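Quick look at final-v4.txt (compact mmCIF, C-alpha atoms and all ligand atoms):
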```txt
# COMPACT_ATOMS: atom_id res chain seq x y z
CA MET A 919 16.12 57.03 -65.18
CA ASN A 920 16.53 60.58 -64.11
CA SER A 921 17.85 62.29 -67.21
CA LYS A 922 19.42 65.23 -65.39
CA LYS A 923 21.68 62.82 -63.59
CA ASP A 924 22.70 61.03 -66.75
CA THR A 925 26.38 61.82 -67.11
CA ARG A 926 27.12 59.26 -69.79
CA GLY A 927 27.07 61.56 -72.78
CA THR A 928 25.90 59.59 -75.78
CA TRP A 929 25.81 56.37 -73.83
CA SER A 930 22.40 55.49 -72.46
CA LEU A 931 20.66 52.49 -71.06
CA PRO A 932 19.72 50.14 -73.89
CA PHE A 933 16.16 49.57 -72.79
CA PRO A 934 13.64 51.06 -70.40
CA ARG A 935 13.43 49.48 -67.01
CA SER A 936 10.46 47.17 -66.71
CA PRO A 937 9.29 44.53 -64.27
CA SER A 938 11.71 41.66 -64.31
CA ILE A 939 10.79 38.15 -65.35
CA SER A 940 13.23 36.89 -62.82
CA ARG A 941 11.04 38.36 -60.10
CA LEU A 942 7.91 36.50 -61.19
CA GLN A 943 7.02 33.64 -58.93
CA PRO A 944 5.30 30.53 -60.30
CA MET A 945 1.74 29.91 -59.19
CA THR A 946 1.34 27.62 -56.29
CA PRO A 947 0.69 24.16 -57.75
CA LYS A 948 -2.95 23.26 -57.28
CA LEU A 949 -2.63 19.75 -58.69
CA SER A 950 -0.30 18.56 -56.04
CA SER A 951 -3.12 16.65 -54.38
CA LEU A 952 -3.40 14.31 -57.38
CA PRO A 953 -1.41 11.16 -56.87
CA GLY A 954 1.57 10.87 -59.23
CA TRP A 955 1.58 14.59 -59.93
CA SER A 956 3.00 15.52 -56.61
CA ALA A 957 6.39 13.93 -57.31
CA LEU A 958 6.51 15.73 -60.64
CA TRP A 959 5.52 19.03 -59.06
CA SER A 960 8.07 18.82 -56.36
CA ALA A 961 10.71 17.97 -58.97
CA LEU A 962 9.71 21.06 -61.01
CA TRP A 963 9.51 23.09 -57.86
CA SER A 964 13.11 22.40 -57.03
CA LEU A 965 14.40 23.51 -60.46
CA PRO A 966 15.89 26.99 -60.62
CA LEU A 967 13.00 29.29 -61.53
CA VAL A 968 14.67 31.00 -64.44
CA ALA A 969 17.89 29.81 -65.97
CA GLN A 970 20.45 32.48 -66.60
CA VAL A 971 19.05 34.42 -69.55
CA PRO A 972 21.74 34.94 -72.19
CA ILE A 973 22.16 38.55 -73.29
CA PRO A 974 21.39 38.87 -77.01
CA PRO A 975 24.46 39.82 -79.09
CA ALA A 976 22.72 43.01 -80.26
CA GLN A 977 22.54 44.14 -76.62
CA LEU A 978 26.15 43.20 -75.95
CA ALA A 979 27.17 45.25 -78.97
CA LYS A 980 25.84 48.32 -77.16
CA LEU A 981 28.29 47.96 -74.30
CA PRO A 982 30.77 50.81 -74.11
CA PRO A 983 34.00 49.46 -75.67
CA ALA A 984 36.88 48.38 -73.47
CA LEU A 985 39.56 51.05 -73.19
CA LYS A 986 42.56 50.26 -75.36
CA ARG A 987 45.23 50.86 -72.75
CA PRO A 988 46.56 48.97 -69.75
CA VAL A 989 44.37 49.51 -66.69
CA ASP A 990 45.78 49.55 -63.18
CA PHE A 991 43.86 47.82 -60.43
CA LYS A 992 45.08 49.83 -57.44
CA THR A 993 44.77 53.31 -58.84
CA GLU A 994 41.78 52.87 -61.13
CA VAL A 995 39.63 49.81 -60.49
CA TYR A 996 39.68 49.57 -56.71
CA PRO A 997 39.01 53.30 -56.17
CA LEU A 998 36.00 53.06 -58.51
CA PHE A 999 34.64 49.99 -56.68
CA LYS A 1000 35.14 51.86 -53.44
CA ALA A 1001 33.37 55.01 -54.59
CA ALA A 1002 30.49 53.35 -56.45
CA CYS A 1003 29.90 49.95 -54.84
CA PHE A 1004 31.36 49.49 -51.33
CA LYS A 1005 28.52 51.37 -49.69
CA CYS A 1006 26.35 48.31 -50.38
CA HIS A 1007 28.97 45.65 -51.16
CA GLY A 1008 31.79 46.45 -48.74
CA PRO A 1009 32.86 45.64 -45.20
CA GLU A 1010 29.62 46.95 -43.65
CA LYS A 1011 26.87 45.82 -45.99
CA GLN A 1012 26.71 42.94 -48.45
CA LYS A 1013 23.52 43.53 -50.45
CA GLY A 1014 22.63 40.48 -52.52
CA LYS A 1015 25.25 38.64 -50.40
CA TYR A 1016 27.92 40.25 -52.55
CA ARG A 1017 31.12 41.75 -51.12
CA MET A 1018 33.59 43.49 -53.39
CA ASP A 1019 36.43 44.64 -51.16
CA THR A 1020 38.10 41.25 -51.11
CA ARG A 1021 39.25 39.25 -54.11
CA GLU A 1022 37.40 36.15 -53.02
CA GLY A 1023 34.15 38.03 -52.51
CA ALA A 1024 34.37 40.08 -55.69
CA PHE A 1025 34.81 37.01 -57.92
CA LYS A 1026 31.79 35.16 -56.60
CA VAL A 1027 29.34 33.44 -58.90
CA THR A 1028 26.16 35.47 -58.59
CA ASP A 1029 22.84 33.86 -57.76
CA ASP A 1030 21.23 34.25 -61.16
CA HIS A 1031 23.65 35.88 -63.55
CA GLY A 1032 26.84 33.88 -63.74
CA PRO A 1033 30.24 34.95 -62.44
CA ALA A 1034 30.44 38.50 -61.12
CA ILE A 1035 33.88 38.78 -62.73
CA GLN A 1036 35.06 36.33 -65.39
CA ALA A 1037 38.74 37.03 -65.99
CA GLY A 1038 39.40 37.69 -69.69
CA GLN A 1039 35.70 37.95 -70.57
CA SER A 1040 34.09 41.24 -69.71
CA THR A 1041 30.94 40.41 -71.68
CA LYS A 1042 30.39 37.40 -69.42
CA SER A 1043 30.99 39.33 -66.20
CA ALA A 1044 27.83 40.22 -64.32
CA ILE A 1045 29.29 43.44 -62.88
CA ILE A 1046 29.71 44.81 -66.41
CA LEU A 1047 26.28 43.67 -67.60
CA MET A 1048 24.70 45.13 -64.48
CA ALA A 1049 26.62 48.41 -64.53
CA ALA A 1050 25.56 48.84 -68.16
CA GLY A 1051 21.92 48.09 -67.38
CA LEU A 1052 21.80 44.98 -69.59
CA ILE A 1053 20.25 42.86 -66.86
CA ASP A 1054 16.70 43.84 -66.25
CA GLU A 1055 16.05 45.32 -62.81
CA MET A 1056 19.69 44.89 -61.82
CA LEU A 1057 21.22 48.21 -62.80
CA MET A 1058 24.21 48.77 -60.49
CA PRO A 1059 24.44 51.02 -58.60
CA PRO A 1060 20.65 50.89 -58.30
CA PRO A 1061 18.93 54.12 -59.33
CA GLY A 1062 16.86 56.19 -56.96
CA GLY A 1063 19.27 56.52 -54.07
CA LYS A 1064 20.57 59.80 -52.68
CA PRO A 1065 22.15 62.12 -55.26
CA GLY A 1066 25.78 61.17 -55.74
CA GLU A 1067 25.21 57.65 -54.47
CA SER A 1068 23.29 56.17 -57.35
CA ASP A 1069 24.88 57.86 -60.33
CA PRO A 1070 25.25 55.29 -63.10
CA LEU A 1071 28.79 54.51 -64.15
CA THR A 1072 29.92 56.51 -67.18
CA ALA A 1073 30.77 54.84 -70.50
CA GLU A 1074 34.42 55.63 -69.74
CA GLN A 1075 34.23 53.87 -66.36
CA ILE A 1076 32.52 50.81 -67.82
CA GLY A 1077 35.12 50.74 -70.60
CA MET A 1078 37.87 50.93 -67.98
CA LEU A 1079 36.40 48.00 -66.00
CA ARG A 1080 35.96 46.00 -69.21
CA ALA A 1081 39.59 46.57 -70.10
CA TRP A 1082 40.70 45.46 -66.64
CA ILE A 1083 38.67 42.25 -66.91
CA ASP A 1084 39.74 41.55 -70.50
CA GLN A 1085 43.36 42.07 -69.45
CA GLY A 1086 42.97 39.22 -66.96
CA ALA A 1087 41.27 40.89 -63.97
CA VAL A 1088 44.50 41.01 -62.01
CA TRP A 1089 43.84 41.48 -58.29
CA PRO A 1090 47.03 41.35 -56.22
CA ASP A 1091 47.15 39.20 -53.11
CA GLY A 1092 46.82 40.76 -49.71
CA PRO A 1093 45.20 43.95 -48.48
CA ILE A 1094 44.99 46.86 -50.89
CA THR A 1095 47.02 49.86 -49.86
CA GLU A 1096 45.33 52.76 -51.46
CA VAL A 1097 47.19 55.36 -53.38
CA VAL A 1098 45.85 58.80 -52.53
CA PRO A 1099 46.79 61.31 -55.21
CA THR A 1100 48.50 64.48 -54.03
CA VAL A 1101 46.20 67.48 -54.19
CA ARG A 1102 47.77 70.92 -54.60
CA PHE A 1103 46.29 74.40 -54.75
CA ASP A 1104 48.01 74.87 -58.08
CA PRO A 1105 46.48 73.53 -60.28
CA ASP A 1106 43.71 71.40 -58.67
CA ILE A 1107 42.04 73.65 -56.11
CA GLN A 1108 42.77 76.90 -57.90
CA LYS A 1109 40.94 75.65 -60.99
CA LEU A 1110 38.00 74.45 -58.95
CA LEU A 1111 37.62 77.70 -56.99
CA ALA A 1112 38.15 79.84 -60.09
CA ALA A 1113 35.26 78.08 -61.79
CA SER A 1114 32.83 78.16 -58.84
CA CYS A 1115 33.77 81.24 -56.83
CA ALA A 1116 35.88 83.76 -58.72
CA LYS A 1117 32.98 85.69 -60.16
CA CYS A 1118 32.08 86.89 -56.64
CA HIS A 1119 35.40 86.39 -54.85
CA SER A 1120 38.14 88.07 -56.83
CA GLY A 1121 39.48 91.53 -57.46
CA ALA A 1122 39.01 94.60 -55.28
CA THR A 1123 35.29 93.95 -54.82
CA ALA A 1124 35.61 90.36 -53.58
CA GLU A 1125 32.56 89.58 -51.43
CA GLY A 1126 33.36 89.62 -47.73
CA GLY A 1127 36.98 90.41 -48.57
CA PHE A 1128 37.49 86.72 -49.47
CA SER A 1129 39.43 86.12 -52.68
CA VAL A 1130 40.24 82.85 -54.37
CA GLU A 1131 42.93 84.35 -56.59
CA SER A 1132 45.95 82.91 -54.83
CA LEU A 1133 46.80 80.34 -52.19
CA GLU A 1134 47.84 83.13 -49.85
CA ARG A 1135 44.54 84.95 -50.19
CA VAL A 1136 42.50 81.80 -49.67
CA LEU A 1137 44.49 81.05 -46.51
CA ASN A 1138 43.93 84.65 -45.31
CA GLY A 1139 40.18 84.08 -45.28
CA GLY A 1140 37.48 86.78 -45.18
CA LYS A 1141 36.47 89.86 -43.21
CA SER A 1142 33.88 88.33 -40.96
CA TYR A 1143 34.83 84.63 -41.07
CA GLY A 1144 38.56 85.13 -40.66
CA ARG A 1145 40.48 81.98 -41.57
CA VAL A 1146 38.32 79.38 -43.26
CA VAL A 1147 41.14 76.92 -44.00
CA VAL A 1148 43.25 75.46 -41.21
CA PRO A 1149 45.85 73.25 -42.91
CA GLY A 1150 45.62 69.66 -41.73
CA ASP A 1151 42.51 70.30 -39.60
CA LEU A 1152 39.24 69.35 -41.26
CA ARG A 1153 37.10 70.21 -38.24
CA LYS A 1154 38.37 73.74 -37.91
CA SER A 1155 38.22 74.43 -41.64
CA SER A 1156 34.86 76.15 -41.95
CA LEU A 1157 35.31 76.29 -45.72
CA LEU A 1158 34.18 72.65 -45.83
CA THR A 1159 30.87 73.50 -44.14
CA ILE A 1160 30.38 76.40 -46.53
CA LEU A 1161 31.13 74.25 -49.59
CA ALA A 1162 28.82 71.50 -48.36
CA GLY A 1163 26.01 74.07 -48.43
CA LYS A 1164 25.59 73.61 -44.67
CA ASP A 1165 26.61 77.07 -43.46
CA GLU A 1166 23.32 78.67 -42.53
CA ASP A 1167 24.77 82.14 -41.98
CA ILE A 1168 26.29 82.66 -45.37
CA PRO A 1169 24.27 84.63 -47.91
CA LYS A 1170 23.37 82.62 -51.03
CA PRO A 1171 24.19 79.22 -49.58
CA GLU A 1172 23.26 77.63 -52.91
CA ALA A 1173 26.01 79.66 -54.63
CA HIS A 1174 28.41 78.07 -52.18
CA ARG A 1175 27.58 74.41 -52.57
CA ILE A 1176 29.92 72.43 -54.80
CA PRO A 1177 29.50 68.83 -56.04
CA GLU A 1178 30.37 66.04 -53.62
CA LYS A 1179 33.38 64.97 -55.68
CA SER A 1180 34.93 68.45 -55.63
CA LEU A 1181 34.21 68.74 -51.92
CA LYS A 1182 36.11 65.50 -51.32
CA GLN A 1183 39.03 66.96 -53.24
CA VAL A 1184 39.09 70.16 -51.17
CA GLU A 1185 38.90 67.98 -48.05
CA GLU A 1186 41.88 65.92 -49.22
CA TRP A 1187 43.78 69.13 -50.03
CA ILE A 1188 43.26 70.44 -46.49
CA ARG A 1189 44.11 67.04 -45.00
CA GLN A 1190 47.39 67.08 -46.92
CA GLY A 1191 48.29 70.50 -45.48
CA ALA A 1192 46.64 72.93 -47.93
CA LYS A 1193 49.74 73.56 -50.00
C1 LIG V 1201 22.77 51.45 -52.94
C2 LIG V 1201 23.18 50.08 -52.84
C3 LIG V 1201 23.98 49.45 -53.96
C4 LIG V 1201 25.09 49.94 -54.61
C5 LIG V 1201 25.77 51.30 -54.42
C6 LIG V 1201 25.52 48.88 -55.49
N1 LIG V 1201 24.70 47.80 -55.38
FE1 LIG V 1201 24.95 45.99 -56.29
N2 LIG V 1201 23.29 45.26 -55.32
C7 LIG V 1201 22.48 46.00 -54.49
C8 LIG V 1201 21.34 45.20 -54.11
C9 LIG V 1201 20.17 45.64 -53.23
C10 LIG V 1201 21.50 43.94 -54.74
C11 LIG V 1201 20.57 42.74 -54.70
C12 LIG V 1201 19.54 42.98 -55.79
C13 LIG V 1201 18.63 41.81 -56.07
O1 LIG V 1201 19.05 40.67 -55.87
O2 LIG V 1201 17.51 42.09 -56.54
C14 LIG V 1201 22.74 44.01 -55.48
C15 LIG V 1201 23.27 42.97 -56.22
C16 LIG V 1201 24.45 43.03 -56.94
C17 LIG V 1201 25.04 41.92 -57.65
C18 LIG V 1201 24.47 40.49 -57.71
C19 LIG V 1201 25.01 39.66 -56.56
C20 LIG V 1201 24.48 38.23 -56.59
O3 LIG V 1201 25.18 37.35 -56.07
O4 LIG V 1201 23.40 37.98 -57.11
C21 LIG V 1201 26.17 42.39 -58.26
C22 LIG V 1201 27.14 41.58 -59.13
C23 LIG V 1201 26.28 43.79 -57.92
N3 LIG V 1201 25.23 44.14 -57.12
C24 LIG V 1201 27.28 44.62 -58.38
C25 LIG V 1201 27.42 45.96 -58.02
C26 LIG V 1201 28.48 46.81 -58.53
C27 LIG V 1201 29.57 46.38 -59.49
C28 LIG V 1201 28.28 48.03 -57.95
C29 LIG V 1201 29.10 49.30 -58.16
C30 LIG V 1201 29.35 49.67 -59.54
C31 LIG V 1201 27.10 47.94 -57.11
N4 LIG V 1201 26.61 46.68 -57.20
C32 LIG V 1201 26.60 48.99 -56.36
C33 LIG V 1201 22.71 47.28 -54.04
C34 LIG V 1201 23.75 48.10 -54.45
C1 LIG V 1202 26.96 84.61 -56.53
C2 LIG V 1202 28.07 85.15 -55.75
C3 LIG V 1202 28.86 84.17 -54.89
C4 LIG V 1202 29.49 83.03 -55.28
C5 LIG V 1202 29.46 82.32 -56.64
C6 LIG V 1202 30.23 82.58 -54.10
N1 LIG V 1202 30.04 83.43 -53.08
FE1 LIG V 1202 30.99 83.35 -51.29
N2 LIG V 1202 29.93 84.95 -50.65
C7 LIG V 1202 29.04 85.68 -51.42
C8 LIG V 1202 28.44 86.71 -50.60
C9 LIG V 1202 27.40 87.73 -51.05
C10 LIG V 1202 29.04 86.60 -49.32
C11 LIG V 1202 28.79 87.46 -48.10
C12 LIG V 1202 29.75 88.61 -48.11
C13 LIG V 1202 29.55 89.54 -46.95
O1 LIG V 1202 29.16 89.08 -45.88
O2 LIG V 1202 29.79 90.71 -47.17
C14 LIG V 1202 29.96 85.50 -49.41
C15 LIG V 1202 30.77 85.09 -48.37
C16 LIG V 1202 31.73 84.11 -48.45
C17 LIG V 1202 32.68 83.79 -47.42
C18 LIG V 1202 32.80 84.49 -46.07
C19 LIG V 1202 33.68 85.70 -46.22
C20 LIG V 1202 33.69 86.52 -44.95
O3 LIG V 1202 34.58 86.29 -44.12
O4 LIG V 1202 32.82 87.37 -44.83
C21 LIG V 1202 33.45 82.78 -47.88
C22 LIG V 1202 34.59 82.11 -47.14
C23 LIG V 1202 32.98 82.47 -49.18
N3 LIG V 1202 31.93 83.30 -49.51
C24 LIG V 1202 33.52 81.47 -49.98
C25 LIG V 1202 33.07 81.17 -51.23
C26 LIG V 1202 33.58 80.09 -52.02
C27 LIG V 1202 34.71 79.16 -51.61
C28 LIG V 1202 32.85 80.06 -53.16
C29 LIG V 1202 32.96 79.09 -54.31
C30 LIG V 1202 32.59 77.73 -54.03
C31 LIG V 1202 31.90 81.14 -53.10
N4 LIG V 1202 32.05 81.78 -51.93
C32 LIG V 1202 31.00 81.43 -54.13
C33 LIG V 1202 28.75 85.45 -52.74
C34 LIG V 1202 29.20 84.42 -53.49
```

Step by step, read the file and then write its structure as structure tokens.
Ligand code: HEC
Ligand code: HEC
Amino acid sequence: MNSKKDTRGTWSLPFPRSPSISRLQPMTPKLSSLPGWSALWSALWSLPLVAQVPIPPAQLAKLPPALKRPVDFKTEVYPLFKAACFKCHGPEKQKGKYRMDTREGAFKVTDDHGPAIQAGQSTKSAIILMAAGLIDEMLMPPPGGKPGESDPLTAEQIGMLRAWIDQGAVWPDGPITEVVPTVRFDPDIQKLLAASCAKCHSGATAEGGFSVESLERVLNGGKSYGRVVVPGDLRKSSLLTILAGKDEDIPKPEAHRIPEKSLKQVEEWIRQGAK
């Protein structure tokens, strides 16, 4: 695993990734020409290759503990599934024939690793074992994708999912109406811009006349760019291009790129009217 992407703090995968036994195929039976053997071989052949391998208790003990507070499906669990899993297990793609945006799909019994979600038993739920890397070769999300798309779940996130499952894995009927949190300049965006931009964009010497010190000044924009935020209009808000690191005219583009998550937040702030 790429250590610079490891955001789990003290939590780390319990064992190195190695070739999986469950991927090994049996040798083609050579004895099948012998009379009598063929029936036996075809009987063996039809058995599942590898029964579900139980996870040793010592490995289970390494799971991040379930959070000790009530967990809410709509505001916590579903948004995490959406951010971390739907790209491959959502309406468009169902890798491993697994779809997580519907209750029925999410609770399926997996091919080789038992129920994906076993209400009340997080240690028997494949999504937990996979997210924690306890099932060889089945770390979810799989590593090695684009940055931001394959980040392993944090210990906190795994603990949150465990708590949800242990509390009964409640998934309300019907379509999920998502709750989008309100994003305000004060404190959300102000904090973010102060941390990433203020050292060059504040005070009398703010680069390009662009200052992040107040909502008013951000909305005023800069000397050559003019307005970079158009409330409610993502396409006309050039700030988003700048923050995505995709503005080729800006000096030091790398000083202008912010993490995907923060960019999404700025986007939501502008969508909600940049207040
Ligand atoms: C980048 C794509 C990708 C993402 C993101 C992803 N998965 Fe997967 N997932 C896969 C692939 C590919 C497989 C099939 C792997 C195999 O069978 O070897 C799979 C298989 C699974 C399975 C087994 C399904 C079965 O029936 O056998 C589960 C459970 C699962 N993923 C859970 C998750 C969870 C939970 C997340 C989010 C935390 C997630 N995945 C994120 C690609 C992804
Ligand atoms: C290391 C210093 C540095 C950091 C950090 C930085 N910038 Fe800049 N920025 C510059 C420089 C240099 C320019 C070009 C100024 C000029 O053309 O005179 C610039 C230009 C801009 C402009 C265009 C202003 C105009 O109209 O000329 C905007 C908007 C901007 N930056 C936004 C940001 C934001 C938002 C952040 C934080 C994510 C940020 N910058 C972080 C150095 C920085």

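Distance check against ligand LIG 1202 (chain V) using only C-alpha atoms and all ligand atoms: of A:Ile1083, A:Leu1047, A:Ala1192, A:Val1136, the minimum falls on A:Val1136.
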
I'd like a table as a tab-separated table: residues in chain A with an atom no more than 6 Å from ligand LIG 1201 (chain V), each row giving the shortest atom pair and its distance in Å to one decimal, all atoms listed in the file counted, sorted by chain and rising residue number.
```
residue	atom	partner	partner_atom	distance
A:Phe999	CA	V:LIG1201	C29	5.8
A:Ala1002	CA	V:LIG1201	C29	4.6
A:Cys1003	CA	V:LIG1201	C29	3.5
A:Lys1005	CA	V:LIG1201	C5	5.5
A:Cys1006	CA	V:LIG1201	C2	4.4
A:Lys1013	CA	V:LIG1201	C8	4.6
A:Gly1014	CA	V:LIG1201	C11	3.8
A:Lys1015	CA	V:LIG1201	O3	5.8
A:Tyr1016	CA	V:LIG1201	C19	5.0
A:Thr1028	CA	V:LIG1201	O3	3.3
A:Asp1029	CA	V:LIG1201	O4	4.2
A:Asp1030	CA	V:LIG1201	O4	5.9
A:Ala1034	CA	V:LIG1201	C22	4.9
A:Ala1044	CA	V:LIG1201	C22	5.4
A:Ile1045	CA	V:LIG1201	C27	4.5
A:Ala1049	CA	V:LIG1201	C30	5.8
A:Met1058	CA	V:LIG1201	C31	4.5
A:Pro1059	CA	V:LIG1201	C32	3.7
A:Pro1060	CA	V:LIG1201	C3	5.7
```

Just want the residues within 7 Å of ligand LIG 1202 (chain V), written as a ChimeraX atom specification, counting only C-alpha atoms and all ligand atoms.
/A:1111,1114-1119,1125-1128,1139-1144,1146,1157,1160-1161,1168-1170,1173-1176

Ile973 of chain A environment, 10 Å, all atoms listed in the file, sequence neighbours closer than 6 positions dropped, as a VMD selection string:
chain A and resid 1041 to 1042 1047 1052 to 1053

Just write the chosen residues, C-alpha atoms, as a short mmCIF file (atom, residue, chain, number, x, y, z; two decimals), in the coordinates of the input.
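out_31.cif, freshly written:
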```
data_model
loop_
_atom_site.label_atom_id
_atom_site.label_comp_id
_atom_site.auth_asym_id
_atom_site.auth_seq_id
_atom_site.Cartn_x
_atom_site.Cartn_y
_atom_site.Cartn_z
CA THR A 1041 30.94 40.41 -71.68
CA LYS A 1042 30.39 37.40 -69.42
CA LEU A 1047 26.28 43.67 -67.60
CA LEU A 1052 21.80 44.98 -69.59
CA ILE A 1053 20.25 42.86 -66.86
#
```

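Distance annotation: of A:Gly1150, A:Pro1099, A:Pro1171, A:Gly1051, the residue with the minimal separation from Lys980 of chain A is A:Gly1051; atom set is all atoms listed in the file.
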